[in-house]
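Containing compact mmCIF, N, CA and C atoms: protein_14.txt.
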# COMPACT_ATOMS: atom_id res chain seq x y z
N MET A 175 37.25 23.63 -0.49
CA MET A 175 37.02 22.72 0.62
C MET A 175 37.04 23.54 1.91
N LYS A 176 36.06 23.24 2.76
CA LYS A 176 35.98 23.90 4.06
C LYS A 176 36.38 22.88 5.12
N THR A 177 37.23 23.30 6.06
CA THR A 177 37.61 22.39 7.15
C THR A 177 37.28 23.03 8.49
N GLU A 178 36.96 22.17 9.43
CA GLU A 178 36.70 22.60 10.80
C GLU A 178 37.05 21.42 11.70
N GLY A 179 38.10 21.56 12.49
CA GLY A 179 38.53 20.46 13.34
C GLY A 179 38.91 19.26 12.51
N LEU A 180 38.25 18.13 12.74
CA LEU A 180 38.53 16.88 12.03
C LEU A 180 37.49 16.61 10.95
N ARG A 181 36.99 17.70 10.34
CA ARG A 181 35.94 17.60 9.33
C ARG A 181 36.34 18.41 8.11
N ALA A 182 36.14 17.81 6.93
CA ALA A 182 36.39 18.51 5.66
C ALA A 182 35.16 18.30 4.77
N VAL A 183 34.71 19.38 4.14
CA VAL A 183 33.52 19.33 3.30
C VAL A 183 33.84 20.04 1.98
N THR A 184 33.64 19.33 0.87
CA THR A 184 33.81 20.00 -0.42
C THR A 184 32.65 20.96 -0.61
N GLN A 185 32.87 21.99 -1.43
CA GLN A 185 31.86 23.03 -1.62
C GLN A 185 31.66 23.29 -3.11
N ASN A 186 31.26 22.27 -3.84
CA ASN A 186 31.00 22.41 -5.27
C ASN A 186 29.59 22.96 -5.48
N ALA A 187 29.47 24.06 -6.18
CA ALA A 187 28.15 24.64 -6.44
C ALA A 187 27.41 23.88 -7.53
N ASP A 188 28.16 23.26 -8.45
CA ASP A 188 27.54 22.63 -9.61
C ASP A 188 27.74 21.12 -9.67
N ALA A 189 28.10 20.50 -8.55
CA ALA A 189 28.33 19.06 -8.54
C ALA A 189 28.05 18.51 -7.14
N ALA A 190 28.09 17.20 -7.01
CA ALA A 190 27.91 16.56 -5.71
C ALA A 190 29.05 16.97 -4.78
N ASN A 191 28.83 16.79 -3.48
CA ASN A 191 29.84 17.11 -2.49
C ASN A 191 30.12 15.92 -1.60
N LEU A 192 31.20 16.02 -0.83
CA LEU A 192 31.61 14.94 0.06
C LEU A 192 32.02 15.51 1.40
N THR A 193 31.52 14.89 2.47
CA THR A 193 31.95 15.21 3.83
C THR A 193 32.83 14.07 4.31
N VAL A 194 33.98 14.42 4.89
CA VAL A 194 34.84 13.45 5.56
C VAL A 194 34.96 13.95 6.99
N ALA A 195 34.46 13.17 7.95
CA ALA A 195 34.44 13.59 9.35
C ALA A 195 34.99 12.46 10.21
N ALA A 196 36.01 12.78 11.02
CA ALA A 196 36.64 11.77 11.88
C ALA A 196 36.18 11.93 13.32
N ARG A 197 36.17 10.80 14.02
CA ARG A 197 35.88 10.82 15.45
C ARG A 197 37.06 11.45 16.17
N PRO A 198 36.81 12.35 17.11
CA PRO A 198 37.92 12.95 17.85
C PRO A 198 38.70 11.87 18.61
N ASP A 199 39.99 11.91 18.52
CA ASP A 199 40.87 11.01 19.25
C ASP A 199 42.10 11.83 19.64
N ALA A 200 42.57 11.67 20.86
CA ALA A 200 43.70 12.47 21.35
C ALA A 200 44.87 12.41 20.38
N GLY A 201 45.37 13.56 19.98
CA GLY A 201 46.53 13.62 19.11
C GLY A 201 46.24 13.59 17.63
N LEU A 202 45.00 13.38 17.24
CA LEU A 202 44.64 13.30 15.82
C LEU A 202 44.44 14.71 15.26
N SER A 203 44.97 14.95 14.07
CA SER A 203 44.78 16.25 13.43
C SER A 203 44.50 16.05 11.94
N LEU A 204 43.96 17.10 11.33
CA LEU A 204 43.65 17.11 9.91
C LEU A 204 44.26 18.35 9.30
N ARG A 205 44.91 18.16 8.16
CA ARG A 205 45.39 19.30 7.39
C ARG A 205 45.08 19.03 5.93
N VAL A 206 44.97 20.10 5.15
CA VAL A 206 44.66 19.98 3.73
C VAL A 206 45.83 20.53 2.95
N VAL A 207 46.27 19.78 1.93
CA VAL A 207 47.31 20.26 1.02
C VAL A 207 46.72 20.31 -0.39
N GLU A 208 47.27 21.21 -1.18
CA GLU A 208 46.80 21.36 -2.55
C GLU A 208 47.98 21.83 -3.40
N GLY A 209 48.28 21.08 -4.44
CA GLY A 209 49.36 21.46 -5.34
C GLY A 209 50.73 21.42 -4.68
N GLN A 210 50.94 20.49 -3.77
CA GLN A 210 52.23 20.38 -3.07
C GLN A 210 53.20 19.58 -3.93
N GLU A 211 54.45 20.02 -3.94
CA GLU A 211 55.45 19.36 -4.79
C GLU A 211 56.43 18.48 -4.03
N ASP A 212 56.62 18.68 -2.72
CA ASP A 212 57.57 17.86 -1.98
C ASP A 212 57.02 17.54 -0.60
N PRO A 213 56.48 16.34 -0.38
CA PRO A 213 56.24 15.30 -1.38
C PRO A 213 55.05 15.68 -2.28
N VAL A 214 54.96 15.02 -3.40
CA VAL A 214 53.90 15.32 -4.37
C VAL A 214 52.57 14.85 -3.81
N GLN A 215 51.67 15.81 -3.57
CA GLN A 215 50.33 15.53 -3.05
C GLN A 215 49.40 16.64 -3.51
N GLY A 216 48.14 16.30 -3.70
CA GLY A 216 47.15 17.32 -4.01
C GLY A 216 47.09 17.71 -5.47
N TRP A 217 47.11 16.71 -6.35
CA TRP A 217 47.03 16.96 -7.79
C TRP A 217 46.05 16.00 -8.43
N LEU A 218 45.37 16.45 -9.48
CA LEU A 218 44.51 15.61 -10.30
C LEU A 218 44.91 15.78 -11.76
N PRO A 219 44.67 14.76 -12.58
CA PRO A 219 45.00 14.90 -14.00
C PRO A 219 44.13 15.93 -14.69
N ARG A 220 44.72 16.62 -15.65
CA ARG A 220 43.98 17.52 -16.53
C ARG A 220 44.27 17.05 -17.95
N GLY A 221 43.31 16.36 -18.53
CA GLY A 221 43.53 15.78 -19.85
C GLY A 221 44.56 14.67 -19.78
N LEU A 222 45.25 14.46 -20.88
CA LEU A 222 46.24 13.37 -20.94
C LEU A 222 47.65 13.80 -20.57
N SER A 223 47.92 15.10 -20.58
CA SER A 223 49.31 15.51 -20.37
C SER A 223 49.49 16.60 -19.33
N GLY A 224 48.50 16.84 -18.50
CA GLY A 224 48.65 17.90 -17.51
C GLY A 224 48.05 17.51 -16.17
N VAL A 225 48.28 18.35 -15.20
CA VAL A 225 47.71 18.17 -13.87
C VAL A 225 47.18 19.50 -13.38
N ARG A 226 46.31 19.42 -12.37
CA ARG A 226 45.80 20.63 -11.75
C ARG A 226 45.77 20.42 -10.24
N PRO A 227 45.96 21.48 -9.47
CA PRO A 227 45.91 21.35 -8.02
C PRO A 227 44.52 20.91 -7.56
N ALA A 228 44.47 20.09 -6.53
CA ALA A 228 43.21 19.63 -5.94
C ALA A 228 43.43 19.40 -4.45
N PRO A 229 42.51 19.82 -3.60
CA PRO A 229 42.70 19.65 -2.16
C PRO A 229 42.65 18.18 -1.73
N VAL A 230 43.55 17.84 -0.80
CA VAL A 230 43.62 16.49 -0.25
C VAL A 230 43.71 16.62 1.27
N GLY A 231 42.81 15.93 1.99
CA GLY A 231 42.85 15.94 3.44
C GLY A 231 43.78 14.85 3.95
N ILE A 232 44.61 15.21 4.94
CA ILE A 232 45.57 14.26 5.51
C ILE A 232 45.36 14.21 7.03
N PHE A 233 44.96 13.03 7.54
CA PHE A 233 44.86 12.82 8.98
C PHE A 233 46.21 12.34 9.47
N SER A 234 46.65 12.84 10.63
CA SER A 234 47.92 12.38 11.18
C SER A 234 47.90 12.44 12.70
N ALA A 235 48.78 11.64 13.28
CA ALA A 235 49.00 11.63 14.73
C ALA A 235 50.45 11.26 14.96
N ARG A 236 51.08 11.92 15.90
CA ARG A 236 52.49 11.64 16.19
C ARG A 236 52.66 11.32 17.67
N GLY A 237 53.34 10.22 17.95
CA GLY A 237 53.68 9.87 19.31
C GLY A 237 52.55 9.32 20.15
N VAL A 238 51.39 9.05 19.54
CA VAL A 238 50.27 8.48 20.28
C VAL A 238 49.61 7.40 19.44
N GLU A 239 48.94 6.48 20.11
CA GLU A 239 48.18 5.47 19.38
C GLU A 239 46.79 6.05 19.11
N VAL A 240 46.32 5.93 17.88
CA VAL A 240 45.04 6.48 17.48
C VAL A 240 44.20 5.38 16.84
N ASN A 241 42.95 5.33 17.21
CA ASN A 241 41.98 4.47 16.53
C ASN A 241 41.21 5.37 15.58
N LEU A 242 41.60 5.38 14.32
CA LEU A 242 41.00 6.28 13.35
C LEU A 242 39.65 5.74 12.88
N PHE A 243 38.63 6.52 13.12
CA PHE A 243 37.27 6.19 12.69
C PHE A 243 36.77 7.41 11.94
N TYR A 244 36.39 7.24 10.67
CA TYR A 244 35.90 8.38 9.91
C TYR A 244 34.71 7.98 9.06
N VAL A 245 33.92 9.00 8.72
CA VAL A 245 32.71 8.83 7.92
C VAL A 245 32.92 9.54 6.59
N LEU A 246 32.62 8.85 5.49
CA LEU A 246 32.59 9.45 4.16
C LEU A 246 31.12 9.56 3.78
N ALA A 247 30.63 10.78 3.59
CA ALA A 247 29.21 10.97 3.31
C ALA A 247 29.01 11.84 2.08
N PRO A 248 28.59 11.25 0.97
CA PRO A 248 28.31 12.05 -0.23
C PRO A 248 26.98 12.77 -0.10
N ALA A 249 26.86 13.89 -0.81
CA ALA A 249 25.61 14.64 -0.85
C ALA A 249 25.37 15.08 -2.29
N PRO A 250 24.14 14.94 -2.79
CA PRO A 250 23.85 15.39 -4.15
C PRO A 250 24.03 16.90 -4.28
N ARG A 251 24.18 17.35 -5.50
CA ARG A 251 24.34 18.78 -5.76
C ARG A 251 23.23 19.58 -5.06
N GLY A 252 23.62 20.61 -4.33
CA GLY A 252 22.67 21.49 -3.67
C GLY A 252 22.16 21.01 -2.33
N ALA A 253 22.44 19.77 -1.95
CA ALA A 253 21.96 19.24 -0.67
C ALA A 253 22.88 19.69 0.47
N PRO A 254 22.35 19.81 1.68
CA PRO A 254 23.17 20.20 2.82
C PRO A 254 24.10 19.07 3.25
N ASP A 255 25.09 19.40 4.06
CA ASP A 255 26.02 18.44 4.63
C ASP A 255 25.21 17.38 5.40
N PRO A 256 25.37 16.09 5.07
CA PRO A 256 24.54 15.07 5.70
C PRO A 256 24.99 14.64 7.10
N VAL A 257 26.19 15.01 7.54
CA VAL A 257 26.72 14.57 8.83
C VAL A 257 26.69 15.72 9.82
N LYS A 258 25.91 15.54 10.91
CA LYS A 258 25.88 16.58 11.95
C LYS A 258 27.10 16.47 12.85
N SER A 259 27.44 15.23 13.27
CA SER A 259 28.60 15.07 14.16
C SER A 259 29.07 13.62 14.17
N VAL A 260 30.34 13.46 14.54
CA VAL A 260 30.94 12.16 14.80
C VAL A 260 31.61 12.31 16.16
N GLU A 261 31.18 11.50 17.13
CA GLU A 261 31.67 11.64 18.50
C GLU A 261 32.18 10.31 19.03
N ALA A 262 33.06 10.39 20.00
CA ALA A 262 33.55 9.20 20.69
C ALA A 262 32.46 8.66 21.61
N VAL A 263 32.47 7.36 21.84
CA VAL A 263 31.61 6.73 22.84
C VAL A 263 32.48 6.53 24.06
N PRO A 264 32.17 7.20 25.17
CA PRO A 264 33.04 7.12 26.35
C PRO A 264 33.34 5.68 26.75
N GLY A 265 34.63 5.41 26.96
CA GLY A 265 35.06 4.10 27.41
C GLY A 265 35.17 3.03 26.34
N ASP A 266 34.91 3.38 25.08
CA ASP A 266 34.98 2.38 24.01
C ASP A 266 35.78 2.94 22.83
N PRO A 267 37.09 2.66 22.77
CA PRO A 267 37.91 3.22 21.70
C PRO A 267 37.62 2.67 20.31
N ARG A 268 36.77 1.65 20.23
CA ARG A 268 36.42 1.05 18.93
C ARG A 268 35.01 1.43 18.49
N ALA A 269 34.46 2.49 19.10
CA ALA A 269 33.08 2.87 18.78
C ALA A 269 32.97 4.37 18.52
N ALA A 270 31.92 4.73 17.80
CA ALA A 270 31.62 6.13 17.54
C ALA A 270 30.12 6.30 17.45
N ARG A 271 29.68 7.51 17.76
CA ARG A 271 28.28 7.88 17.62
C ARG A 271 28.21 8.87 16.45
N VAL A 272 27.43 8.52 15.44
CA VAL A 272 27.33 9.34 14.21
C VAL A 272 25.91 9.90 14.12
N SER A 273 25.82 11.24 14.13
CA SER A 273 24.53 11.92 14.00
C SER A 273 24.37 12.40 12.57
N ILE A 274 23.25 12.04 11.96
CA ILE A 274 22.97 12.34 10.57
C ILE A 274 21.89 13.43 10.50
N ALA A 275 22.00 14.30 9.50
CA ALA A 275 20.96 15.31 9.28
C ALA A 275 19.61 14.61 9.21
N GLY A 276 18.61 15.19 9.78
CA GLY A 276 17.30 14.55 9.82
C GLY A 276 17.03 13.90 11.16
N GLY A 277 18.04 13.85 12.04
CA GLY A 277 17.83 13.38 13.39
C GLY A 277 18.26 11.97 13.73
N ARG A 278 18.63 11.16 12.74
CA ARG A 278 19.06 9.79 13.06
C ARG A 278 20.44 9.80 13.71
N VAL A 279 20.63 8.89 14.68
CA VAL A 279 21.91 8.73 15.38
C VAL A 279 22.24 7.24 15.38
N TYR A 280 23.45 6.91 14.97
CA TYR A 280 23.91 5.53 14.93
C TYR A 280 25.11 5.37 15.85
N GLU A 281 25.19 4.21 16.52
CA GLU A 281 26.41 3.82 17.21
C GLU A 281 27.04 2.72 16.38
N VAL A 282 28.32 2.89 16.08
CA VAL A 282 29.05 1.94 15.25
C VAL A 282 30.22 1.41 16.06
N ARG A 283 30.40 0.08 16.07
CA ARG A 283 31.51 -0.55 16.79
C ARG A 283 32.24 -1.49 15.85
N PHE A 284 33.56 -1.49 16.00
CA PHE A 284 34.39 -2.39 15.22
C PHE A 284 35.11 -3.32 16.17
N GLY A 285 35.18 -4.59 15.78
CA GLY A 285 35.93 -5.59 16.52
C GLY A 285 36.87 -6.29 15.57
N LYS A 286 37.53 -7.30 16.05
CA LYS A 286 38.43 -8.06 15.18
C LYS A 286 37.59 -8.81 14.15
N GLY A 287 37.65 -8.35 12.90
CA GLY A 287 36.94 -9.01 11.82
C GLY A 287 35.44 -8.79 11.81
N SER A 288 34.94 -7.82 12.57
CA SER A 288 33.51 -7.59 12.58
C SER A 288 33.19 -6.11 12.73
N ALA A 289 31.96 -5.76 12.41
CA ALA A 289 31.47 -4.40 12.60
C ALA A 289 29.98 -4.49 12.91
N GLU A 290 29.52 -3.55 13.71
CA GLU A 290 28.11 -3.52 14.09
C GLU A 290 27.64 -2.07 14.11
N ALA A 291 26.49 -1.82 13.53
CA ALA A 291 25.89 -0.49 13.59
C ALA A 291 24.46 -0.64 14.05
N ARG A 292 24.05 0.25 14.95
CA ARG A 292 22.66 0.21 15.40
C ARG A 292 22.12 1.61 15.51
N LEU A 293 20.88 1.76 15.16
CA LEU A 293 20.18 3.03 15.26
C LEU A 293 19.81 3.25 16.71
N VAL A 294 20.24 4.37 17.30
CA VAL A 294 19.94 4.64 18.71
C VAL A 294 18.95 5.78 18.86
N GLN A 295 18.69 6.49 17.78
CA GLN A 295 17.72 7.59 17.86
C GLN A 295 17.16 7.88 16.49
Rewrite the structure of this file - the entire thing - as structure tokens.
Amino acid sequence: MKTEGLRAVTQNADAANLTVAARPDAGLSLRVVEGQEDPVQGWLPRGLSGVRPAPVGIFSARGVEVNLFYVLAPAPRGAPDPVKSVEAVPGDPRAARVSIAGGRVYEVRFGKGSAEARLVQ
């Protein structure tokens, strides 16, 4: 798994991949753990009686209020990362601008019990 800022991308050569990218928000951070024992995090089953280490991304913020907005974007084997960027929309803590490979840009807003996405480019 490759990480950069608030973005994590799996790097499987022989399988599909996943991008997890969060909108920047003051105080938000991302760390990856793998095979951690205290607390137990970053493990997958191996058969019926074993486990193997596996990377797990953990978003966290301490001492600040954060509106966590993130994108989960799968990509078929061999395809490039589908998410170019996830950015804040100035003045709107419930919105994000998501740029997708190929040039499309969406603005997404969340309200109480609702969500709206619109293509802006």
Item to check | Within 7 Å of Pro248 (chain A) using all atoms listed in the file, minus same-chain residues under 5 positions, as a count of residues only | outcome: 5
Item to check | Long-range neighbours of region 263-280 of chain A as a VMD selection string, 5 Å cut-off, only N, CA and C atoms, 5 positions minimum in chain | outcome: chain A and resid 256 to 258 292 to 295
Checklist entry - By how many Å are CA of Glu290 (chain A) and CA of Pro254 (chain A) apart? => result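 Result for CA of Glu290 (chain A) versus CA of Pro254 (chain A): 26.7 Å, one decimal.
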Next on the checklist: Within 9 Å of (21.6, 23.1, -5.3) (file coordinates; only C-alpha atoms), which protein or nucleic acid residues are there? I'd like them as a PyMOL selection string.
Outcome noted: chain A and resi 187-189+250-254
Next on the checklist: What's the separation between atom N of Val230 (chain A) and atom N of Gln210 (chain A), in Å to one decimal place?
Outcome noted: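 Distance between the two atoms: 8.4 Å.
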Next on the checklist: Please compute the CA of Arg226 (chain A)-atom C of Glu208 (chain A) distance, one decimal, in Å.
Outcome noted: 8.7 Å
Checklist outcome for this item: Min atom-atom distance to Ala262 (chain A) from the set A:Arg220, A:Arg283, A:Arg205, A:Arg197, counting only C-alpha atoms, belongs to A:Arg197
Checklist entry - Any idea what's packed within 6.5 Å of Val207 (chain A), counting only N, CA and C atoms, ignoring anything in its chain fewer than 6 positions away? Could you give it as an MDAnalysis selection string? => result chainID A and resid 215:216 228:232
Within 12 Å of region 233-237 of chain A, which residues of region 177-226 of chain A come that close, and what is the closest atom pair and distance in Å for each? Count only C-alpha atoms and give it as JSON lines.
{"residue": "A:Gly179", "atom": "CA", "partner": "A:Phe233", "partner_atom": "CA", "distance": 10.8}
{"residue": "A:Leu180", "atom": "CA", "partner": "A:Phe233", "partner_atom": "CA", "distance": 8.1}
{"residue": "A:Arg181", "atom": "CA", "partner": "A:Phe233", "partner_atom": "CA", "distance": 10.1}
{"residue": "A:Ala182", "atom": "CA", "partner": "A:Phe233", "partner_atom": "CA", "distance": 10.7}
{"residue": "A:Val194", "atom": "CA", "partner": "A:Phe233", "partner_atom": "CA", "distance": 10.6}
{"residue": "A:Ala195", "atom": "CA", "partner": "A:Phe233", "partner_atom": "CA", "distance": 10.5}
{"residue": "A:Ala196", "atom": "CA", "partner": "A:Phe233", "partner_atom": "CA", "distance": 8.8}
{"residue": "A:Arg197", "atom": "CA", "partner": "A:Phe233", "partner_atom": "CA", "distance": 11.2}
{"residue": "A:Pro198", "atom": "CA", "partner": "A:Phe233", "partner_atom": "CA", "distance": 11.3}
{"residue": "A:Asp199", "atom": "CA", "partner": "A:Ala235", "partner_atom": "CA", "distance": 9.3}
{"residue": "A:Ala200", "atom": "CA", "partner": "A:Ala235", "partner_atom": "CA", "distance": 8.5}
{"residue": "A:Gly201", "atom": "CA", "partner": "A:Ala235", "partner_atom": "CA", "distance": 5.4}
{"residue": "A:Leu202", "atom": "CA", "partner": "A:Ala235", "partner_atom": "CA", "distance": 4.8}
{"residue": "A:Ser203", "atom": "CA", "partner": "A:Ser234", "partner_atom": "CA", "distance": 5.5}
{"residue": "A:Leu204", "atom": "CA", "partner": "A:Phe233", "partner_atom": "CA", "distance": 4.6}
{"residue": "A:Arg205", "atom": "CA", "partner": "A:Phe233", "partner_atom": "CA", "distance": 6.7}
{"residue": "A:Val206", "atom": "CA", "partner": "A:Phe233", "partner_atom": "CA", "distance": 8.9}
{"residue": "A:Val207", "atom": "CA", "partner": "A:Phe233", "partner_atom": "CA", "distance": 11.2}
Box dimensions and centre (Å, one decimal) enclosing region 250-257 of chain A, axis-aligned, 5 Å extra per side, as lines of an AutoDock Vina configuration file:
center_x = 24.3
center_y = 18.0
center_z = 2.0
size_x = 14.8
size_y = 16.9
size_z = 25.6
Next on the checklist: When DSSP is applied to the backbone of this structure, which of region 177-274 of chain A are assigned strand (DSSP E)? Write them out as a PyMOL selection string.
Outcome noted: chain A and resi 177-178+181-183+191-196+203-208+210-211+214-215+217-220+224-227+229-234+244-249+257-263+266-274
Reconstructed N, CA, C and O atoms for region 258-282 of chain A, given as a PDB file, keeping the file's coordinate frame:
ATOM      1  N   LYS A 258      25.910  15.540  10.910  1.00  0.00           N
ATOM      2  CA  LYS A 258      25.880  16.580  11.950  1.00  0.00           C
ATOM      3  C   LYS A 258      27.100  16.470  12.850  1.00  0.00           C
ATOM      4  O   LYS A 258      27.707  17.473  13.196  1.00  0.00           O
ATOM      5  N   SER A 259      27.440  15.230  13.270  1.00  0.00           N
ATOM      6  CA  SER A 259      28.600  15.070  14.160  1.00  0.00           C
ATOM      7  C   SER A 259      29.070  13.620  14.170  1.00  0.00           C
ATOM      8  O   SER A 259      28.314  12.701  13.869  1.00  0.00           O
ATOM      9  N   VAL A 260      30.340  13.460  14.540  1.00  0.00           N
ATOM     10  CA  VAL A 260      30.940  12.160  14.800  1.00  0.00           C
ATOM     11  C   VAL A 260      31.610  12.310  16.160  1.00  0.00           C
ATOM     12  O   VAL A 260      32.481  13.159  16.339  1.00  0.00           O
ATOM     13  N   GLU A 261      31.180  11.500  17.130  1.00  0.00           N
ATOM     14  CA  GLU A 261      31.670  11.640  18.500  1.00  0.00           C
ATOM     15  C   GLU A 261      32.180  10.310  19.030  1.00  0.00           C
ATOM     16  O   GLU A 261      31.745   9.241  18.594  1.00  0.00           O
ATOM     17  N   ALA A 262      33.060  10.390  20.000  1.00  0.00           N
ATOM     18  CA  ALA A 262      33.550   9.200  20.690  1.00  0.00           C
ATOM     19  C   ALA A 262      32.460   8.660  21.610  1.00  0.00           C
ATOM     20  O   ALA A 262      31.614   9.420  22.093  1.00  0.00           O
ATOM     21  N   VAL A 263      32.470   7.360  21.840  1.00  0.00           N
ATOM     22  CA  VAL A 263      31.610   6.730  22.840  1.00  0.00           C
ATOM     23  C   VAL A 263      32.480   6.530  24.060  1.00  0.00           C
ATOM     24  O   VAL A 263      33.478   5.802  23.992  1.00  0.00           O
ATOM     25  N   PRO A 264      32.170   7.200  25.170  1.00  0.00           N
ATOM     26  CA  PRO A 264      33.040   7.120  26.350  1.00  0.00           C
ATOM     27  C   PRO A 264      33.340   5.680  26.750  1.00  0.00           C
ATOM     28  O   PRO A 264      32.446   4.842  26.823  1.00  0.00           O
ATOM     29  N   GLY A 265      34.630   5.410  26.960  1.00  0.00           N
ATOM     30  CA  GLY A 265      35.060   4.100  27.410  1.00  0.00           C
ATOM     31  C   GLY A 265      35.170   3.030  26.340  1.00  0.00           C
ATOM     32  O   GLY A 265      35.476   1.889  26.647  1.00  0.00           O
ATOM     33  N   ASP A 266      34.910   3.380  25.080  1.00  0.00           N
ATOM     34  CA  ASP A 266      34.980   2.380  24.010  1.00  0.00           C
ATOM     35  C   ASP A 266      35.780   2.940  22.830  1.00  0.00           C
ATOM     36  O   ASP A 266      35.222   3.617  21.965  1.00  0.00           O
ATOM     37  N   PRO A 267      37.090   2.660  22.770  1.00  0.00           N
ATOM     38  CA  PRO A 267      37.910   3.220  21.700  1.00  0.00           C
ATOM     39  C   PRO A 267      37.620   2.670  20.310  1.00  0.00           C
ATOM     40  O   PRO A 267      38.118   3.174  19.321  1.00  0.00           O
ATOM     41  N   ARG A 268      36.770   1.650  20.230  1.00  0.00           N
ATOM     42  CA  ARG A 268      36.420   1.050  18.930  1.00  0.00           C
ATOM     43  C   ARG A 268      35.010   1.430  18.490  1.00  0.00           C
ATOM     44  O   ARG A 268      34.443   0.789  17.629  1.00  0.00           O
ATOM     45  N   ALA A 269      34.460   2.490  19.100  1.00  0.00           N
ATOM     46  CA  ALA A 269      33.080   2.870  18.780  1.00  0.00           C
ATOM     47  C   ALA A 269      32.970   4.370  18.520  1.00  0.00           C
ATOM     48  O   ALA A 269      33.799   5.154  18.966  1.00  0.00           O
ATOM     49  N   ALA A 270      31.920   4.730  17.800  1.00  0.00           N
ATOM     50  CA  ALA A 270      31.620   6.130  17.540  1.00  0.00           C
ATOM     51  C   ALA A 270      30.120   6.300  17.450  1.00  0.00           C
ATOM     52  O   ALA A 270      29.387   5.375  17.107  1.00  0.00           O
ATOM     53  N   ARG A 271      29.680   7.510  17.760  1.00  0.00           N
ATOM     54  CA  ARG A 271      28.280   7.880  17.620  1.00  0.00           C
ATOM     55  C   ARG A 271      28.210   8.870  16.450  1.00  0.00           C
ATOM     56  O   ARG A 271      28.869   9.904  16.473  1.00  0.00           O
ATOM     57  N   VAL A 272      27.430   8.520  15.440  1.00  0.00           N
ATOM     58  CA  VAL A 272      27.330   9.340  14.210  1.00  0.00           C
ATOM     59  C   VAL A 272      25.910   9.900  14.120  1.00  0.00           C
ATOM     60  O   VAL A 272      24.949   9.143  14.067  1.00  0.00           O
ATOM     61  N   SER A 273      25.820  11.240  14.130  1.00  0.00           N
ATOM     62  CA  SER A 273      24.530  11.920  14.000  1.00  0.00           C
ATOM     63  C   SER A 273      24.370  12.400  12.570  1.00  0.00           C
ATOM     64  O   SER A 273      25.254  13.067  12.029  1.00  0.00           O
ATOM     65  N   ILE A 274      23.250  12.040  11.960  1.00  0.00           N
ATOM     66  CA  ILE A 274      22.970  12.340  10.570  1.00  0.00           C
ATOM     67  C   ILE A 274      21.890  13.430  10.500  1.00  0.00           C
ATOM     68  O   ILE A 274      20.978  13.465  11.336  1.00  0.00           O
ATOM     69  N   ALA A 275      22.000  14.300   9.500  1.00  0.00           N
ATOM     70  CA  ALA A 275      20.960  15.310   9.280  1.00  0.00           C
ATOM     71  C   ALA A 275      19.610  14.610   9.210  1.00  0.00           C
ATOM     72  O   ALA A 275      19.490  13.525   8.637  1.00  0.00           O
ATOM     73  N   GLY A 276      18.610  15.190   9.780  1.00  0.00           N
ATOM     74  CA  GLY A 276      17.300  14.550   9.820  1.00  0.00           C
ATOM     75  C   GLY A 276      17.030  13.900  11.160  1.00  0.00           C
ATOM     76  O   GLY A 276      15.936  13.393  11.400  1.00  0.00           O
ATOM     77  N   GLY A 277      18.040  13.850  12.040  1.00  0.00           N
ATOM     78  CA  GLY A 277      17.830  13.380  13.390  1.00  0.00           C
ATOM     79  C   GLY A 277      18.260  11.970  13.730  1.00  0.00           C
ATOM     80  O   GLY A 277      18.239  11.585  14.889  1.00  0.00           O
ATOM     81  N   ARG A 278      18.630  11.160  12.740  1.00  0.00           N
ATOM     82  CA  ARG A 278      19.060   9.790  13.060  1.00  0.00           C
ATOM     83  C   ARG A 278      20.440   9.800  13.710  1.00  0.00           C
ATOM     84  O   ARG A 278      21.312  10.581  13.349  1.00  0.00           O
ATOM     85  N   VAL A 279      20.630   8.890  14.680  1.00  0.00           N
ATOM     86  CA  VAL A 279      21.910   8.730  15.380  1.00  0.00           C
ATOM     87  C   VAL A 279      22.240   7.240  15.380  1.00  0.00           C
ATOM     88  O   VAL A 279      21.406   6.414  15.754  1.00  0.00           O
ATOM     89  N   TYR A 280      23.450   6.910  14.970  1.00  0.00           N
ATOM     90  CA  TYR A 280      23.910   5.530  14.930  1.00  0.00           C
ATOM     91  C   TYR A 280      25.110   5.370  15.850  1.00  0.00           C
ATOM     92  O   TYR A 280      25.941   6.262  15.962  1.00  0.00           O
ATOM     93  N   GLU A 281      25.190   4.210  16.520  1.00  0.00           N
ATOM     94  CA  GLU A 281      26.410   3.820  17.210  1.00  0.00           C
ATOM     95  C   GLU A 281      27.040   2.720  16.380  1.00  0.00           C
ATOM     96  O   GLU A 281      26.366   1.748  16.007  1.00  0.00           O
ATOM     97  N   VAL A 282      28.320   2.890  16.080  1.00  0.00           N
ATOM     98  CA  VAL A 282      29.050   1.940  15.250  1.00  0.00           C
ATOM     99  C   VAL A 282      30.220   1.410  16.060  1.00  0.00           C
ATOM    100  O   VAL A 282      30.947   2.190  16.695  1.00  0.00           O
TER     101      VAL A 282
END
